[in-house]
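Asks: Below is one structure. I have some questions about it.
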Amino acid sequence: MESTIALEPPKVRWDLSALFAGLDDPRIEQTWQAASEAADTFATTYRGKINTPELTAETLATAIKAMESLYNEVHKPMGFASLMFAADSGDAKIGAFMQKQRERGTGLSVKTMFFELELQAAPAETIDPLLTDPALANYTHYIRATRMYSPHRLSEPEEIVFEEMANTGSRAWVRLFEELTANQVYKMTKPDADAPIECTAQEILKLNFDPDRPTRQAAADALSAGLKEMERVLVYNYNNLLQEHSVEDRLRKLEFPEQSRHLANELEKPTVDRVIALCKKNYGLVERYYNIKREILDLSELTHIDRYAPLFKTEEQVGWDDAKSIVLSAFGAFSETLEARARQFFDENWIDAEPRKGKQGGAFCSYNTPDTHPLVFQTYQNRMDDVMTLAHELGHGVHASLSRAQTYLNFHGTLPLAELASTFGEMLVFEKLVEAANEKDKLALYADKIEGVFATVFRQAAMFSFEQRCHQARRAEGELTAEQFAAIWQEEQQATFGSSVKLGEQHGMWWTYVGHFIFAPFYVYAYSFGELLVLSLYQMAKAEGPSFATKYVDLLKLGGSRTPHELMETVGVDLDSEAFWLGGFAAMEKLVSDFEGLWAGYQASKG
């Protein structure tokens, strides 16, 4: 695994042929034509037939199946366009193609929008008796989840206007952010270098983990300078999205900015508030850990450039083949099913891992549709952290693969549980690596894991608070300045570290590259939920032994066919139990305590 020669990044690109062969594949047009005709038939058949006392379970079930089939097919060209754009957002032709698919999707949504509006408008005395009929057994969760929006629905003409305007409204602002940030060039002058080099955002962010402090500072300077060039547009962009969110909330009679996300996640506000409050109550763990890290690094002060600094200088790299072996071995030790499903991603080219200009940052798993297959996207740069990212996204991938047992409307789980399999996958790989590590490497692995957990739980909780305050301030005060955003960002992020890390002034603008604020408001708390849930669930798995793996696989197969509470009940978890969530924090405290013990032992061994 170790090497003194720089490894080449993998030339691994995904195969999208299960969707389409390319932008000019005639099947794309055929899909849209067939979908348009099906939508017309659907509207003719069912308009006015749902919100009526004569509605039967058979009629409703037949209508849902027809709509589900339609959604399944149109997801394919729209998903294909998004995947192509993620892989090369600098290609104007791909951008135009994606926009066209979105516009066609809008046209189709307008034709079928009446159905869910009628389903939401129908009185309980019409719908509730039907839910016990076997004809609707596969769709009771969908029906209940759809009807949760009943108090917030608008008239059909108003909903059509919302949908039509989105392509030149919020979706356009999101696309602007994606194109701008993915194609920005960062000019970095390395220590002792005569001239700057041009870097992508991913290359710059990778240097957060560089062992050389002047290099980390140079990278931070380059990142800040590059973001500064875009700051005016990014600040204006975010202000517009905040205002649009406010207008929609007002028109839909939503009481607070994150309410729409809670509805989508099928979670109650007290549940979310309880978890976020517990996160803030446990910020002291972060301060405790970073005080030790400062001692190990032998620095008088840690700043934002030191958060992810390695504990020891190392030339370690992990090539793609080694990463594959590590992840599959770890998954297989827990469950043969997990390993077999994950192996498909490698064997059938379901992963895009190659670093390249124009490729969007970050990592994700696209579920696609039950009758195709999921795909994983990341930029693999031969770091141990990239191995953990691969484990994370393949966890998603396994979940998506197993969820294909469901039909389209039950395929996707809500966001908090969407992180369940990904963080579980990370834990499997972490323990596998620790088993084979020496004392020094164990320290490094624990540090990486703890910092990853903190970034997923506490940083995301702080980002959730940042979003809450930004939305509230935009509504109360009007358009916010870059300085106002920076002040909120610094205050919330600094609170997580206490006095252990000082976030420098340049860190104040680093909120601008966080895409979740732009394309998925309030998504971030799902990460806190997912990590805490898995930390506690993983302890249950270890206590129960091999029998838990079967229950876990069965849980993943359920996809989004039940509410989060109902899904977790299948493995004996109550999401409203504070004791359960405290188990996650206890697991974190153990990681920190183990790290402290490893450090004390390492010091003693060095005499």
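Identifiers for the structure tokens are assigned positionally: chains receive A, B, ... in sequence, residues are indexed from 1 per chain, and ligands are indexed from 1 in the order shown.
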Might you pull out every residue within 9 Å of Gly584 (chain A), with only C-alpha atoms counted and same-chain residues fewer than 3 positions away left off, and present them as a list in words?
Replies: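 The neighbour list is Glu531, Leu532, Leu533, Val534, Leu535, Ser536, Leu537, Gln539, Phe580, Trp581, Ala587, Met588 and Glu589 of chain A.
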Asks: With distances taken over only C-alpha atoms, which residue among A:Gly515, A:Pro521, A:Pro53, A:Gly597 lies nearest Gly362 (chain A)?
Replies: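 Closest to Gly362 (chain A), using only C-alpha atoms: A:Gly515.
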Asks: Could you check the closest approach to Glu255 (chain A) for each of A:Lys502, A:Lys269, A:Glu58, A:Leu390 and tell me which residue wins, using only C-alpha atoms?
Replies: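 Nearest candidate to Glu255 (chain A) out of A:Lys502, A:Lys269, A:Glu58, A:Leu390: A:Lys269.
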Asks: Write out as a list in words the set of residues from region 95-206 of chain A that DSSP, computed on the backbone, places in strand (DSSP E).
Replies: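 The strand (DSSP E) residues within region 95-206 of chain A come out as Tyr186, Lys187, Met188, Ile197, Glu198 and Cys199 of chain A.
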Asks: I'd like the neighbourhood of Val592 (chain A) as a list in words, where a residue qualifies if any of its atoms comes within 9 Å (using only C-alpha atoms), though same-chain residues fewer than 6 positions away should be ignored.
Replies: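 Surrounding residues, per the criterion: Leu285, Arg288, Tyr289, Tyr446, Ala447 and Ile450 of chain A.
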